[in-house]
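final-v8.txt (compact mmCIF, C-alpha atoms)
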# COMPACT_ATOMS: atom_id res chain seq x y z
CA MET A 795 0.00 0.00 0.00
CA SER A 796 1.53 3.30 -1.06
CA ASN A 797 1.68 6.19 1.38
CA ASP A 798 1.45 8.74 -1.44
CA ILE A 799 -1.10 11.33 -0.39
CA SER A 800 -0.93 13.46 -3.54
CA ASN A 801 -4.23 11.91 -4.65
CA LEU A 802 -6.08 12.90 -1.47
CA ARG A 803 -8.62 15.70 -1.85
CA LYS A 804 -10.38 17.77 0.78
CA PHE A 805 -13.71 19.44 0.10
CA VAL A 806 -14.94 22.45 2.02
CA SER A 807 -18.35 24.06 1.81
CA PRO A 808 -20.61 26.21 3.96
CA GLU A 809 -23.94 25.11 5.38
CA ILE A 810 -26.26 25.77 2.43
CA ILE A 811 -29.97 26.56 2.39
CA PHE A 812 -31.13 26.53 -1.23
CA GLY A 813 -34.47 27.56 -2.71
CA ALA A 814 -37.02 30.34 -3.06
CA GLY A 815 -37.39 32.14 0.28
CA ALA A 816 -34.06 30.89 1.72
CA ARG A 817 -33.12 34.45 2.74
CA LYS A 818 -35.97 34.43 5.26
CA SER A 819 -33.98 32.28 7.68
CA VAL A 820 -31.34 35.01 8.14
CA ALA A 821 -32.54 36.09 11.60
CA ASN A 822 -32.73 32.50 12.80
CA TYR A 823 -29.09 31.90 11.82
CA ALA A 824 -27.96 35.23 13.25
CA LYS A 825 -29.45 34.17 16.59
CA THR A 826 -27.81 30.75 16.37
CA PHE A 827 -24.43 32.51 16.11
CA GLY A 828 -25.26 34.68 19.12
CA ALA A 829 -25.57 37.94 17.20
CA ARG A 830 -25.09 40.95 19.45
CA LYS A 831 -24.88 43.37 16.55
CA VAL A 832 -24.73 42.54 12.85
CA LEU A 833 -22.76 44.38 10.17
CA LEU A 834 -24.90 44.23 7.04
CA VAL A 835 -22.71 44.63 3.92
CA SER A 836 -24.23 45.50 0.54
CA ASP A 837 -23.84 47.86 -2.42
CA PRO A 838 -25.88 50.68 -4.04
CA GLY A 839 -27.34 48.41 -6.76
CA VAL A 840 -28.69 45.93 -4.21
CA VAL A 841 -30.03 48.79 -2.10
CA ALA A 842 -31.85 50.17 -5.18
CA ALA A 843 -33.30 46.72 -5.92
CA GLY A 844 -34.78 46.59 -2.41
CA TRP A 845 -32.99 43.48 -1.09
CA LEU A 846 -31.02 45.24 1.63
CA GLN A 847 -34.23 46.65 3.10
CA ASP A 848 -35.82 43.21 2.83
CA VAL A 849 -33.04 41.60 4.89
CA SER A 850 -32.86 44.55 7.28
CA ASP A 851 -36.60 44.13 7.98
CA LEU A 852 -36.14 40.39 8.61
CA LEU A 853 -33.47 41.15 11.24
CA ALA A 854 -35.55 43.96 12.78
CA GLU A 855 -38.57 41.67 13.13
CA ASP A 856 -36.47 39.49 15.41
CA GLU A 857 -35.08 42.55 17.20
CA ILE A 858 -31.53 41.89 15.99
CA GLU A 859 -29.50 45.09 16.09
CA HIS A 860 -27.60 45.87 12.91
CA VAL A 861 -25.64 48.58 11.16
CA THR A 862 -25.25 48.79 7.38
CA PHE A 863 -22.22 49.39 5.17
CA THR A 864 -23.03 49.90 1.49
CA GLY A 865 -19.94 51.70 0.19
CA VAL A 866 -18.82 48.83 -2.05
CA SER A 867 -17.72 49.29 -5.70
CA PRO A 868 -18.43 46.72 -8.44
CA ASN A 869 -14.81 45.52 -7.97
CA PRO A 870 -14.36 45.97 -4.19
CA ARG A 871 -11.33 48.04 -3.24
CA THR A 872 -8.83 47.81 -0.41
CA GLU A 873 -9.95 51.11 1.18
CA GLU A 874 -13.59 49.93 1.18
CA VAL A 875 -12.58 46.81 3.11
CA MET A 876 -10.69 48.95 5.63
CA LYS A 877 -13.63 51.36 6.02
CA GLY A 878 -16.04 48.44 6.57
CA ALA A 879 -13.74 46.94 9.20
CA GLN A 880 -13.59 50.28 11.00
CA ILE A 881 -17.42 50.45 11.12
CA TYR A 882 -17.56 46.82 12.31
CA GLN A 883 -15.22 47.64 15.21
CA GLU A 884 -16.69 51.04 16.11
CA HIS A 885 -20.14 49.49 16.44
CA ASN A 886 -18.88 46.48 18.36
CA CYS A 887 -20.38 44.01 15.86
CA ASN A 888 -19.83 40.26 16.16
CA LEU A 889 -21.34 38.89 12.95
CA ILE A 890 -21.40 39.83 9.26
CA VAL A 891 -24.29 39.38 6.83
CA ALA A 892 -23.58 40.15 3.15
CA VAL A 893 -26.38 40.76 0.66
CA GLY A 894 -25.37 41.09 -2.97
CA GLY A 895 -23.20 39.75 -5.75
CA GLY A 896 -19.52 38.91 -5.62
CA SER A 897 -18.48 42.44 -4.69
CA PRO A 898 -20.27 42.84 -1.33
CA MET A 899 -19.52 39.21 -0.48
CA ASP A 900 -15.78 39.55 -1.19
CA CYS A 901 -15.70 42.88 0.64
CA ALA A 902 -17.45 41.24 3.63
CA LYS A 903 -14.81 38.50 3.69
CA GLY A 904 -12.11 41.17 3.73
CA ILE A 905 -13.86 43.03 6.54
CA GLY A 906 -13.99 39.81 8.56
CA ILE A 907 -10.27 39.18 8.03
CA VAL A 908 -9.18 42.68 9.05
CA SER A 909 -11.55 43.01 12.00
CA ALA A 910 -10.22 39.77 13.53
CA ASN A 911 -6.56 39.94 12.51
CA GLY A 912 -5.71 43.66 12.61
CA LYS A 913 -3.26 44.66 9.85
CA HIS A 914 -4.10 45.92 6.35
CA ILE A 915 -6.06 43.73 3.93
CA LEU A 916 -3.07 43.72 1.53
CA ASP A 917 -1.12 41.78 4.15
CA TYR A 918 -3.36 38.75 3.63
CA GLU A 919 -2.80 38.27 -0.10
CA GLY A 920 -2.07 34.67 -1.11
CA ILE A 921 -2.89 31.23 0.22
CA ASP A 922 -3.55 30.44 3.91
CA THR A 923 -2.23 33.71 5.35
CA ILE A 924 -4.96 34.22 7.96
CA SER A 925 -4.07 33.21 11.52
CA LEU A 926 -7.06 34.20 13.67
CA PRO A 927 -10.62 32.96 13.00
CA ILE A 928 -12.89 35.56 11.45
CA PRO A 929 -16.42 36.48 12.61
CA PRO A 930 -19.32 34.29 11.45
CA LEU A 931 -20.39 35.07 7.87
CA ILE A 932 -23.96 34.66 6.60
CA PHE A 933 -24.18 35.33 2.86
CA ILE A 934 -27.25 36.00 0.72
CA PRO A 935 -26.15 36.07 -2.94
CA THR A 936 -28.28 38.20 -5.29
CA THR A 937 -26.58 37.12 -8.53
CA ALA A 938 -26.10 33.62 -9.97
CA GLY A 939 -22.46 33.39 -10.91
CA THR A 940 -19.68 34.53 -8.64
CA SER A 941 -20.24 31.85 -5.98
CA ALA A 942 -18.40 33.88 -3.34
CA ASP A 943 -21.12 32.54 -1.02
CA VAL A 944 -19.64 29.01 -1.16
CA SER A 945 -15.96 29.60 -1.96
CA GLN A 946 -12.67 29.91 -0.11
CA PHE A 947 -11.67 32.89 -2.30
CA ALA A 948 -11.87 36.63 -1.74
CA ILE A 949 -10.87 38.84 -4.68
CA ILE A 950 -10.04 42.46 -3.81
CA THR A 951 -8.88 45.32 -6.06
CA ASP A 952 -5.80 47.35 -5.20
CA PRO A 953 -6.53 50.63 -7.04
CA VAL A 954 -3.01 51.96 -6.42
CA GLU A 955 -1.36 49.08 -8.29
CA ARG A 956 -4.41 48.62 -10.57
CA VAL A 957 -4.47 44.90 -9.81
CA LYS A 958 -6.85 42.40 -8.28
CA PHE A 959 -5.35 40.13 -5.65
CA SER A 960 -6.61 36.82 -4.31
CA ILE A 961 -6.97 35.68 -0.74
CA VAL A 962 -7.48 31.91 -0.59
CA SER A 963 -8.29 30.37 2.77
CA LYS A 964 -10.71 28.06 4.48
CA ALA A 965 -11.23 30.98 6.90
CA VAL A 966 -13.24 32.88 4.26
CA VAL A 967 -15.70 30.07 3.47
CA PRO A 968 -18.97 31.53 4.80
CA ASP A 969 -20.63 29.72 7.69
CA VAL A 970 -24.04 29.81 6.01
CA ALA A 971 -25.09 30.50 2.42
CA LEU A 972 -28.78 31.35 2.01
CA ILE A 973 -29.12 30.82 -1.74
CA ASP A 974 -32.44 32.29 -2.79
CA PRO A 975 -33.22 32.53 -6.53
CA GLU A 976 -35.96 35.12 -5.82
CA THR A 977 -33.22 37.68 -5.13
CA THR A 978 -31.93 37.33 -8.72
CA LEU A 979 -35.26 38.42 -10.26
CA THR A 980 -34.05 42.05 -10.17
CA VAL A 981 -30.84 41.30 -12.10
CA ASP A 982 -30.78 42.78 -15.63
CA PRO A 983 -30.11 40.52 -18.65
CA PHE A 984 -26.54 41.79 -19.20
CA LEU A 985 -25.54 40.98 -15.61
CA SER A 986 -27.38 37.63 -15.80
CA ALA A 987 -25.32 36.82 -18.90
CA CYS A 988 -22.03 37.97 -17.30
CA THR A 989 -22.58 36.03 -14.08
CA GLY A 990 -23.92 32.96 -15.92
CA ILE A 991 -20.87 32.80 -18.20
CA ASP A 992 -18.65 33.37 -15.13
CA ALA A 993 -20.21 30.28 -13.54
CA MET A 994 -19.71 28.30 -16.76
CA VAL A 995 -16.02 29.29 -16.74
CA HIS A 996 -15.76 28.25 -13.08
CA ALA A 997 -17.10 24.82 -13.98
CA ILE A 998 -14.90 24.33 -17.06
CA GLU A 999 -11.73 25.53 -15.34
CA ALA A 1000 -12.39 23.44 -12.23
CA PHE A 1001 -12.94 20.33 -14.39
CA VAL A 1002 -9.59 20.64 -16.21
CA SER A 1003 -7.70 21.97 -13.16
CA THR A 1004 -4.76 19.95 -11.83
CA GLY A 1005 -6.58 20.07 -8.47
CA ALA A 1006 -9.71 18.32 -9.78
CA GLY A 1007 -11.04 15.22 -8.05
CA PRO A 1008 -14.22 13.12 -7.96
CA LEU A 1009 -16.09 15.51 -5.62
CA THR A 1010 -15.31 18.57 -7.72
CA ASP A 1011 -15.91 16.76 -11.03
CA MET A 1012 -19.51 15.83 -10.29
CA ASN A 1013 -20.32 19.41 -9.27
CA ALA A 1014 -18.49 20.90 -12.28
CA LEU A 1015 -20.23 18.68 -14.84
CA ASP A 1016 -23.67 19.22 -13.35
CA ALA A 1017 -23.03 22.98 -13.31
CA MET A 1018 -22.07 22.98 -17.00
CA ARG A 1019 -25.22 21.05 -17.88
CA LEU A 1020 -27.55 23.30 -15.85
CA ILE A 1021 -26.08 26.54 -17.18
CA ASN A 1022 -25.83 25.32 -20.77
CA GLU A 1023 -29.49 24.24 -20.76
CA ASN A 1024 -30.91 27.36 -19.08
CA ILE A 1025 -28.78 30.48 -19.49
CA VAL A 1026 -29.97 31.50 -22.98
CA ASP A 1027 -33.64 31.10 -22.01
CA LEU A 1028 -33.02 33.06 -18.81
CA VAL A 1029 -31.43 36.02 -20.61
CA ASN A 1030 -34.47 36.05 -22.93
CA ASP A 1031 -37.00 35.63 -20.11
CA PRO A 1032 -35.52 37.20 -16.95
CA HIS A 1033 -38.74 36.86 -14.91
CA ASP A 1034 -38.97 33.06 -15.01
CA LEU A 1035 -38.24 31.90 -11.45
CA GLN A 1036 -37.82 28.27 -12.54
CA LEU A 1037 -35.00 29.29 -14.92
CA ARG A 1038 -33.50 31.51 -12.21
CA GLU A 1039 -33.47 28.54 -9.84
CA GLN A 1040 -31.78 26.21 -12.36
CA VAL A 1041 -29.05 28.72 -13.20
CA MET A 1042 -28.51 29.53 -9.52
CA LEU A 1043 -28.17 25.83 -8.74
CA GLY A 1044 -25.63 25.57 -11.57
CA SER A 1045 -23.75 28.54 -10.22
CA MET A 1046 -23.67 27.06 -6.71
CA LYS A 1047 -22.31 23.73 -8.00
CA ALA A 1048 -19.71 25.53 -10.11
CA GLY A 1049 -18.67 27.39 -6.95
CA LEU A 1050 -18.31 24.20 -4.92
CA ALA A 1051 -16.19 22.78 -7.76
CA PHE A 1052 -13.81 25.71 -8.23
CA SER A 1053 -13.52 26.55 -4.54
CA ASN A 1054 -11.98 23.12 -4.05
CA ALA A 1055 -10.27 22.38 -7.39
CA ILE A 1056 -9.17 26.02 -7.89
CA LEU A 1057 -9.22 27.55 -11.38
CA GLY A 1058 -6.85 28.24 -14.28
CA ALA A 1059 -5.50 30.71 -16.81
CA VAL A 1060 -8.88 32.29 -17.71
CA HIS A 1061 -9.24 33.55 -14.13
CA ALA A 1062 -5.59 34.50 -13.70
CA MET A 1063 -5.81 36.60 -16.88
CA SER A 1064 -9.29 37.88 -16.04
CA HIS A 1065 -8.26 39.07 -12.55
CA SER A 1066 -5.38 40.98 -14.17
CA LEU A 1067 -7.69 42.50 -16.78
CA GLY A 1068 -10.43 43.44 -14.29
CA GLY A 1069 -7.93 45.05 -11.93
CA TYR A 1070 -6.29 47.03 -14.72
CA LEU A 1071 -9.39 48.30 -16.53
CA ASP A 1072 -12.12 47.91 -13.87
CA LEU A 1073 -14.32 45.78 -16.17
CA PRO A 1074 -17.09 43.33 -15.10
CA HIS A 1075 -15.42 40.06 -14.09
CA GLY A 1076 -17.81 37.82 -16.05
CA LEU A 1077 -17.21 39.84 -19.22
CA CYS A 1078 -13.43 39.48 -18.78
CA ASN A 1079 -13.84 35.71 -18.48
CA ALA A 1080 -16.11 35.58 -21.53
CA MET A 1081 -13.60 37.43 -23.72
CA LEU A 1082 -10.81 35.00 -22.85
CA LEU A 1083 -12.59 31.65 -22.60
CA GLU A 1084 -12.24 30.04 -26.05
CA HIS A 1085 -8.65 31.30 -26.40
CA VAL A 1086 -7.61 29.61 -23.15
CA ILE A 1087 -9.46 26.41 -24.15
CA ASP A 1088 -7.46 26.45 -27.39
CA PHE A 1089 -4.20 26.91 -25.43
CA ASN A 1090 -4.98 24.22 -22.83
CA TYR A 1091 -6.56 21.62 -25.12
CA PRO A 1092 -3.44 19.48 -25.84
CA GLU A 1093 -2.81 18.97 -22.11
CA ALA A 1094 -6.35 17.79 -21.23
CA GLU A 1095 -7.84 16.28 -24.41
CA GLU A 1096 -9.93 13.63 -22.65
CA ARG A 1097 -11.35 16.13 -20.16
CA PHE A 1098 -12.23 18.64 -22.88
CA LYS A 1099 -13.96 15.85 -24.77
CA VAL A 1100 -16.17 15.24 -21.72
CA ILE A 1101 -16.90 18.99 -21.55
CA ALA A 1102 -17.87 19.00 -25.24
CA THR A 1103 -20.33 16.15 -24.66
CA THR A 1104 -21.72 17.83 -21.53
CA LEU A 1105 -22.37 20.97 -23.58
CA GLY A 1106 -24.49 18.91 -25.95
CA LEU A 1107 -22.00 18.19 -28.75
CA ASP A 1108 -21.98 14.82 -30.52
CA THR A 1109 -18.29 13.90 -30.62
CA ARG A 1110 -18.68 10.42 -32.15
CA GLY A 1111 -16.31 9.88 -35.07
CA LEU A 1112 -14.52 13.20 -34.53
CA ASN A 1113 -10.77 13.42 -34.03
CA ASN A 1114 -9.22 15.62 -31.36
CA GLN A 1115 -8.73 18.62 -33.65
CA GLN A 1116 -12.37 18.47 -34.74
CA ILE A 1117 -13.58 18.22 -31.13
CA ARG A 1118 -11.36 21.16 -30.16
CA LYS A 1119 -12.86 23.29 -32.94
CA ALA A 1120 -16.43 22.18 -32.18
CA LEU A 1121 -15.99 23.02 -28.48
CA MET A 1122 -14.57 26.47 -29.23
CA ASP A 1123 -17.41 27.14 -31.69
CA ARG A 1124 -19.96 26.02 -29.08
CA VAL A 1125 -18.53 28.40 -26.48
CA ILE A 1126 -18.45 31.30 -28.98
CA ASP A 1127 -22.05 30.56 -29.99
CA LEU A 1128 -23.25 30.41 -26.36
CA LYS A 1129 -21.65 33.80 -25.67
CA ARG A 1130 -23.23 35.24 -28.83
CA GLN A 1131 -26.67 33.99 -27.78
CA VAL A 1132 -26.44 35.78 -24.42
CA GLY A 1133 -25.01 38.95 -25.98
CA LEU A 1134 -21.37 38.71 -24.85
CA SER A 1135 -19.37 38.68 -28.07
CA GLN A 1136 -17.11 41.67 -27.24
CA LYS A 1137 -13.38 41.48 -27.89
CA LEU A 1138 -10.65 42.91 -25.65
CA ALA A 1139 -9.88 45.81 -28.03
CA GLU A 1140 -13.52 47.00 -27.90
CA SER A 1141 -13.28 47.03 -24.10
CA GLY A 1142 -10.30 49.37 -24.08
CA VAL A 1143 -7.32 46.98 -24.15
CA ASN A 1144 -4.35 48.11 -26.29
CA ILE A 1145 -1.57 45.82 -27.49
CA SER A 1146 0.78 47.96 -25.38
CA ASP A 1147 -1.13 46.90 -22.21
CA ILE A 1148 -0.44 43.21 -22.75
CA PRO A 1149 3.03 42.99 -21.10
CA VAL A 1150 1.70 44.58 -17.88
CA LEU A 1151 -1.45 42.40 -17.91
CA SER A 1152 0.74 39.31 -18.41
CA ASP A 1153 3.11 40.29 -15.58
CA HIS A 1154 0.15 40.35 -13.18
CA ALA A 1155 -1.58 37.23 -14.57
CA ILE A 1156 1.51 35.05 -14.22
CA LEU A 1157 1.62 35.86 -10.47
CA ASP A 1158 -2.05 35.01 -9.84
CA PRO A 1159 -2.55 31.82 -7.75
CA CYS A 1160 -5.12 30.52 -10.29
CA ILE A 1161 -2.35 29.97 -12.85
CA LEU A 1162 -0.83 27.28 -10.61
CA THR A 1163 -3.62 24.77 -11.29
CA ASN A 1164 -3.95 25.49 -15.03
CA PRO A 1165 -3.56 22.16 -16.90
CA ARG A 1166 -0.87 23.53 -19.22
CA LYS A 1167 2.16 25.18 -17.66
CA SER A 1168 2.35 28.77 -18.86
CA ASN A 1169 5.13 31.32 -19.01
CA LYS A 1170 4.75 35.05 -19.62
CA ARG A 1171 5.10 34.69 -23.39
CA ASP A 1172 2.29 32.08 -23.46
CA VAL A 1173 -0.02 34.43 -21.56
CA GLU A 1174 0.88 37.34 -23.85
CA ALA A 1175 0.04 35.21 -26.89
CA VAL A 1176 -3.41 34.30 -25.49
CA TYR A 1177 -4.19 37.96 -24.72
CA GLU A 1178 -3.13 38.83 -28.28
CA GLU A 1179 -5.46 36.15 -29.69
CA ALA A 1180 -8.32 37.67 -27.67
CA LEU A 1181 -7.74 41.22 -28.91
Translate this file's structure into structure tokens.
Amino acid sequence: MSNDISNLRKFVSPEIIFGAGARKSVANYAKTFGARKVLLVSDPGVVAAGWLQDVSDLLAEDEIEHVTFTGVSPNPRTEEVMKGAQIYQEHNCNLIVAVGGGSPMDCAKGIGIVSANGKHILDYEGIDTISLPIPPLIFIPTTAGTSADVSQFAIITDPVERVKFSIVSKAVVPDVALIDPETTLTVDPFLSACTGIDAMVHAIEAFVSTGAGPLTDMNALDAMRLINENIVDLVNDPHDLQLREQVMLGSMKAGLAFSNAILGAVHAMSHSLGGYLDLPHGLCNAMLLEHVIDFNYPEAEERFKVIATTLGLDTRGLNNQQIRKALMDRVIDLKRQVGLSQKLAESGVNISDIPVLSDHAILDPCILTNPRKSNKRDVEAVYEEAL
């Protein structure tokens, strides 16, 4: 019997309540964690949609004291994390509830880290850098895509360096995720498309990641199937709760997959792009996806073949080159159908930006689990393809 443990895999996830109305158990969970005072983290878009008030009312009904922090940008910034932590401490809070998409959830994770560990949020960049346990986190996602509500990632923007940095730690896996598709009914079709494609990328990258295993594979494949079958209909019919639920389930499974298998070059390059130009994360992923598939294909042919089949392609009788082309065409077509066919150049990327983008991407932790080893020149070439 070999004592090689390189094939062992751990799988972390929060306690999950899934389904329409899940948000309504927020007060119950806050009480379970002994809430003295809750910091409620959100952003202006979620406030405008009415969900912050909804959750605030649920806490008030149970006489749970809370203070709100809504100063969060679409790509949350270091100074916003620090401001939130200051409010958390000034008000003597002992629990954090985040309501929103990836931005408020990532910001809330950062607030938890700083309020428990002191120091500046930049000091926690990287993998497993957090020493003291952070306050309990209850997350209510209002988009179906980022999966910050189930992941061990927090992605924060450093506006000084114009870069996004990753914090990866079991400490930032929320204690409870209340995943309620009703909250996504207010999301516009463009954001539904961006977050849906983001979730698809999570699933594809997790499935070909060098950190993949049986527990992440089943979640990744199911996520691909759910999103592939429902995302186009959802963008065309944003008020269908059944479609919302299917895509949100897909997003959740994609999150469980990537949180544990980690990601790859699409995300490393997308984090660099989003930090540099402050673009929507899902759009960054969409613009890079087929180019990274093309780059990675030779290193994971069998896995990509499974992805092609899962996305509804008949691969019988096709050779590897034909499957590669069919898969890339399928991805391009899916993006076109949801209205995300932009190229990098249209989004403000110049060829002269590529060296800087590549410098940042090659340092992102997501590049470590990409199936094909990549150097700076490889990354530059993929960015150039995507222009």
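Shortest atom-to-atom contact with Pro898 (chain A) among A:Pro975, A:Gly1044, A:Gly1076, A:Gly839: A:Gly839, counting all atoms listed in the file.
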- Fewer than 5 positions away in the same chain doesn't count, so skip those; otherwise give me all residues within 10 Å of Gly828 (chain A), counting only C-alpha atoms, as JSON, numbers by chain. {"A": [823, 888, 889, 930]}
- Contacts of region 1012-1022 of chain A at 10 Å or less, counting only C-alpha atoms, minus same-chain residues fewer than 3 places along, as a ChimeraX atom specification? /A:939,990-991,993-1002,1006-1009,1025-1028,1037,1039-1052,1055,1100-1101,1103-1106,1125,1128
Taking (-21.9, 27.9, 6.8) in the file's own coordinates, collect the residues within 12 Å, counting all atoms listed in the file, and hand them back as a PDB file with C-alpha atoms, in the coordinates of the input.
ATOM      1  CA  VAL A 806     -14.940  22.450   2.020  1.00  0.00           C
ATOM      2  CA  SER A 807     -18.350  24.060   1.810  1.00  0.00           C
ATOM      3  CA  PRO A 808     -20.610  26.210   3.960  1.00  0.00           C
ATOM      4  CA  GLU A 809     -23.940  25.110   5.380  1.00  0.00           C
ATOM      5  CA  ILE A 810     -26.260  25.770   2.430  1.00  0.00           C
ATOM      6  CA  ILE A 811     -29.970  26.560   2.390  1.00  0.00           C
ATOM      7  CA  VAL A 820     -31.340  35.010   8.140  1.00  0.00           C
ATOM      8  CA  TYR A 823     -29.090  31.900  11.820  1.00  0.00           C
ATOM      9  CA  ALA A 824     -27.960  35.230  13.250  1.00  0.00           C
ATOM     10  CA  THR A 826     -27.810  30.750  16.370  1.00  0.00           C
ATOM     11  CA  PHE A 827     -24.430  32.510  16.110  1.00  0.00           C
ATOM     12  CA  VAL A 891     -24.290  39.380   6.830  1.00  0.00           C
ATOM     13  CA  PRO A 929     -16.420  36.480  12.610  1.00  0.00           C
ATOM     14  CA  PRO A 930     -19.320  34.290  11.450  1.00  0.00           C
ATOM     15  CA  LEU A 931     -20.390  35.070   7.870  1.00  0.00           C
ATOM     16  CA  ILE A 932     -23.960  34.660   6.600  1.00  0.00           C
ATOM     17  CA  PHE A 933     -24.180  35.330   2.860  1.00  0.00           C
ATOM     18  CA  ILE A 934     -27.250  36.000   0.720  1.00  0.00           C
ATOM     19  CA  ASP A 943     -21.120  32.540  -1.020  1.00  0.00           C
ATOM     20  CA  VAL A 944     -19.640  29.010  -1.160  1.00  0.00           C
ATOM     21  CA  SER A 945     -15.960  29.600  -1.960  1.00  0.00           C
ATOM     22  CA  GLN A 946     -12.670  29.910  -0.110  1.00  0.00           C
ATOM     23  CA  LYS A 964     -10.710  28.060   4.480  1.00  0.00           C
ATOM     24  CA  ALA A 965     -11.230  30.980   6.900  1.00  0.00           C
ATOM     25  CA  VAL A 966     -13.240  32.880   4.260  1.00  0.00           C
ATOM     26  CA  VAL A 967     -15.700  30.070   3.470  1.00  0.00           C
ATOM     27  CA  PRO A 968     -18.970  31.530   4.800  1.00  0.00           C
ATOM     28  CA  ASP A 969     -20.630  29.720   7.690  1.00  0.00           C
ATOM     29  CA  VAL A 970     -24.040  29.810   6.010  1.00  0.00           C
ATOM     30  CA  ALA A 971     -25.090  30.500   2.420  1.00  0.00           C
ATOM     31  CA  LEU A 972     -28.780  31.350   2.010  1.00  0.00           C
ATOM     32  CA  ILE A 973     -29.120  30.820  -1.740  1.00  0.00           C
TER      33      ILE A 973
END
Can you sort out the box for region 805-808 of chain A, edges along x, y and z, all listed atoms in, 3 Å on every side, with centre and edge lengths in Å to one decimal, as JSON?
{"center_x": -17.2, "center_y": 22.8, "center_z": 2.0, "size_x": 12.9, "size_y": 12.8, "size_z": 9.9}
